[in-house]
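Below: one structure, written as structure tokens.
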There are 2 protein chains.
Amino acid sequence: MFETVKKQSLSDEVFHQLRGRILGDSLKAGDELPSERILCELLGVNRGAVREAIKRLQQAGLVQVRHGGATMVLDYRSSAGLEMLPGLLINEAGEIQVDTARSIIRMRQILSPEIARDAALNATPEAIKKLDSLLATMREQSDTAHLQFTVFEFWELLVDASNNIAFRLALNSLRKTYSQIWELLTQILADDFHDVTAFEQIAAAIKRGDAERASAIARKHIDHSSALMFAFLDSYQASLDQNQQEA
Amino acid sequence: MFETVKKQSLSDEVFHQLRGRILGDSLKAGDELPSERILCELLGVNRGAVREAIKRLQQAGLVQVRHGGATMVLDYRSSAGLEMLPGLLINEAGEIQVDTARSIIRMRQILSPEIARDAALNATPEAIKKLDSLLATMREQSDTAHLQFTVFEFWELLVDASNNIAFRLALNSLRKTYSQIWELLTQILADDFHDVTAFEQIAAAIKRGDAERASAIARKHIDHSSALMFAFLDSYQASLDQNQQEA
DNA sequence: CACGCCAACTGGTATGATCAGTTGACGTGT
DNA sequence: ACACGTCAACTGATCATACCAGTTGGCGTG
């Protein structure tokens with residue numbers, strides 16, 4: 001019913017504004033940022049706030065700062081990390097970037113079966129216990145919105161069990177990206193969420209340590225949901241194109 | 001001969017020190033950071049430097065900051081992104097974290113064939129031209145150290161051609177991780193770097209748009225170099241264990 | 001024309017004051 | 001004894017101002 005009121009600090013605001021300009025190509029690679037003193041005047045904030053924001057941009061690999069020289073915008077495609085993905089999914093107009101979305105789906109598509117495989121190879125008894133418990137919850141859940149949550153939880157458990165920190169961190173970045181279009185996914189993937197059998201089969205294969213089968217079932221399941229999302233993106237792009245044509 | 005002298009700002013130093021404590025589990029998830037005022041006294045720097053560092057930690061998903069409350073350490077395994085990988089490869093003692101290294105190799109192992117596949121599906125004439133040009137350079141190159149550079153360049157071109165921003169960003173994070181043990185890789189993978197035939201075959205398949213073959217050759221090549229690295233890690237861990245036993 | 005100096009930028013650090021949200025102890029009233 | 005409101009003492013957030021330090025380019029001197 002009620003949502004926590006959103007509040008962000010000034011440096012957050014500055015950061016998001018600058019990041020938006022960089023990811024939106026309004027600030028291109030090679031461009032120089034205005035000096036900190038100019039920026040804090042333009043934005044009407046203190047220099048500390050500007051500096052904190054720029055430090056974050058630097059941390060994200062979006063700019064290069066040189067003591068004494070100007071701060072230069074970098075090409076995020078070659079210097080940013082996977083954590084920049086959430087910032088690329090939705091543009092300033094609130095539209096989904098179809099290319100980015102396809103990339104993300106593809107990434108999930110190839111990671112998931114391997115996560116299932118490694119989970120089968122490395123799962124501890126505790127991890128399997130948690131899986132069983134989650135599956136029980138899943139079976140009792142009829143509400144799609146709640147089911148969606150448990151499904152994401154399922155993959156968290158798997159990547160936990162896989163004992164692969166790179167998979168884990170990559171999935172974190174993907175999760176943050178997905179969370180931006182959570183409600184949309186509820187609609188697109190509703191049927192997939194209710195296909196508890198697939199998750200049971202994956203869990204069963206993991207329990208047996210059958211890596212090949214865990215991977216195969218996961219791949220089949222993910223390929224299907226990927227197809228659904230690709231199809232949605234096609235129609236989404238078509239509607240975008242149509243709007244553009246009318247305008 | 002000469003290297004550019006390394007210099008880092010105070011806030012960089014503070015950031016790395018805090019990050020090291022968090023990734024090294026000396027600051028565990030749920031712990032609270034000392035207040036900014038205390039920290040800048042402990043570290044002997046001004047508060048601005050501490051704040052910039054904490055903003056970066058927040059950006060990296062390592063801490064949660066609340067206005068009025070204490071700053072809490074988060075579990076990086078569940079809240080950090082793939083860009084945290086470089087910080088996890090080498091511990092404070094300068095030793096390679098074998099588990100992390102295995103994760104990285106595995107990640108590269110499953111990404112590379114798919115990158116080659118998508119490159120075959122999406123390569124533009126310009127991308128193919130660049131590939132040809134790089135292969136020519138590769139053939140003329142006999143020095144392993146230089147070859148290594150061109151090999152990494154090869155994968156950059158492929159991920160560029162794949163037109164997948166998620167692959168691109170993930171590879172960026174992996175590259176930053178690899179660069180920390182660049183010389184070590186020179187030794188381990190020397191033979192692989194000289195196997196120009198493999199790269200030529202991948203490029204040829206991409207040129208023909210033969211996604212399956214591009215993927216298959218890439219997989220074979222990457223599986224081999226992964227095996228070399230896994231083998232090295234096994235012996236590395238054995239030597240670590242031995243040192244520990246002696247001490 | 002080559003060189004070196006220097007002024008005017010740039011970012012980096014320091015200080016101290018004040019605003020704003022959170023917490024917990026303390027006292028009051030029931 | 002317990003519920004509640006108050007408030008002091010934390011916490012981070014913001015601000016203003018000064019000064020340190022590295023870079024750049026122009027200007028004058030040789």
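Following the order of the structure tokens, first chain is A, next is B, and so on, with residues numbered from 1 inside each chain and ligands from 1 in the order they appear.
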task: Mind checking which residues fall within 9 Å of Asp118 in chain A, counting only C-alpha atoms (C1' of nucleotides), ignoring those fewer than 6 positions away in the same chain, and posting them as a list in words?
output: Leu158, Val159, Ala161, Ser162, Asn163, Asn164, Ile206, Ala211 and Ser215 of chain A
field: Spatial neighbours of DG28 in chain D, max dist 12 Å, only C-alpha atoms (C1' of nucleotides), sep filter under 3 positions, as a PyMOL selection string
entry: chain C and resi 3-6
Contact table range 47-163 of chain B vs range 7-25 of chain C, cut-off 12 Å, shortest pair per residue, only C-alpha atoms (C1' of nucleotides), as a tab-separated table:
residue	atom	partner	partner_atom	distance
B:Arg47	CA	C:DA14	C1'	8.8
B:Gly48	CA	C:DT13	C1'	8.3
B:Ala49	CA	C:DT13	C1'	8.0
B:Val50	CA	C:DT13	C1'	11.4
B:Glu52	CA	C:DG12	C1'	11.8
B:Arg66	CA	C:DG21	C1'	8.7
B:His67	CA	C:DG21	C1'	5.8
B:Gly68	CA	C:DG21	C1'	4.5
B:Gly69	CA	C:DT22	C1'	5.6
B:Ala70	CA	C:DT22	C1'	9.1
- request: Pick out the residues sitting within 6 Å of range 170-187 of chain A, and hand them over as a list in words; count only C-alpha atoms (C1' of nucleotides), and ignore anything fewer than 2 positions along from it in its own chain.
  value: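 Counting only C-alpha atoms (C1' of nucleotides), the residues come to Glu83, Pro86, Phe167, Arg168, Leu189 and Ala190 of chain A; Gly81 and Leu82 of chain B.
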field: Surrounding residues of Arg102 in chain A excluding itself and chain neighbours under 6 positions, 9 Å, only C-alpha atoms (C1' of nucleotides), as a list of chain:residue names
entry: A:Met229, A:Phe230, A:Leu233, B:Asn164
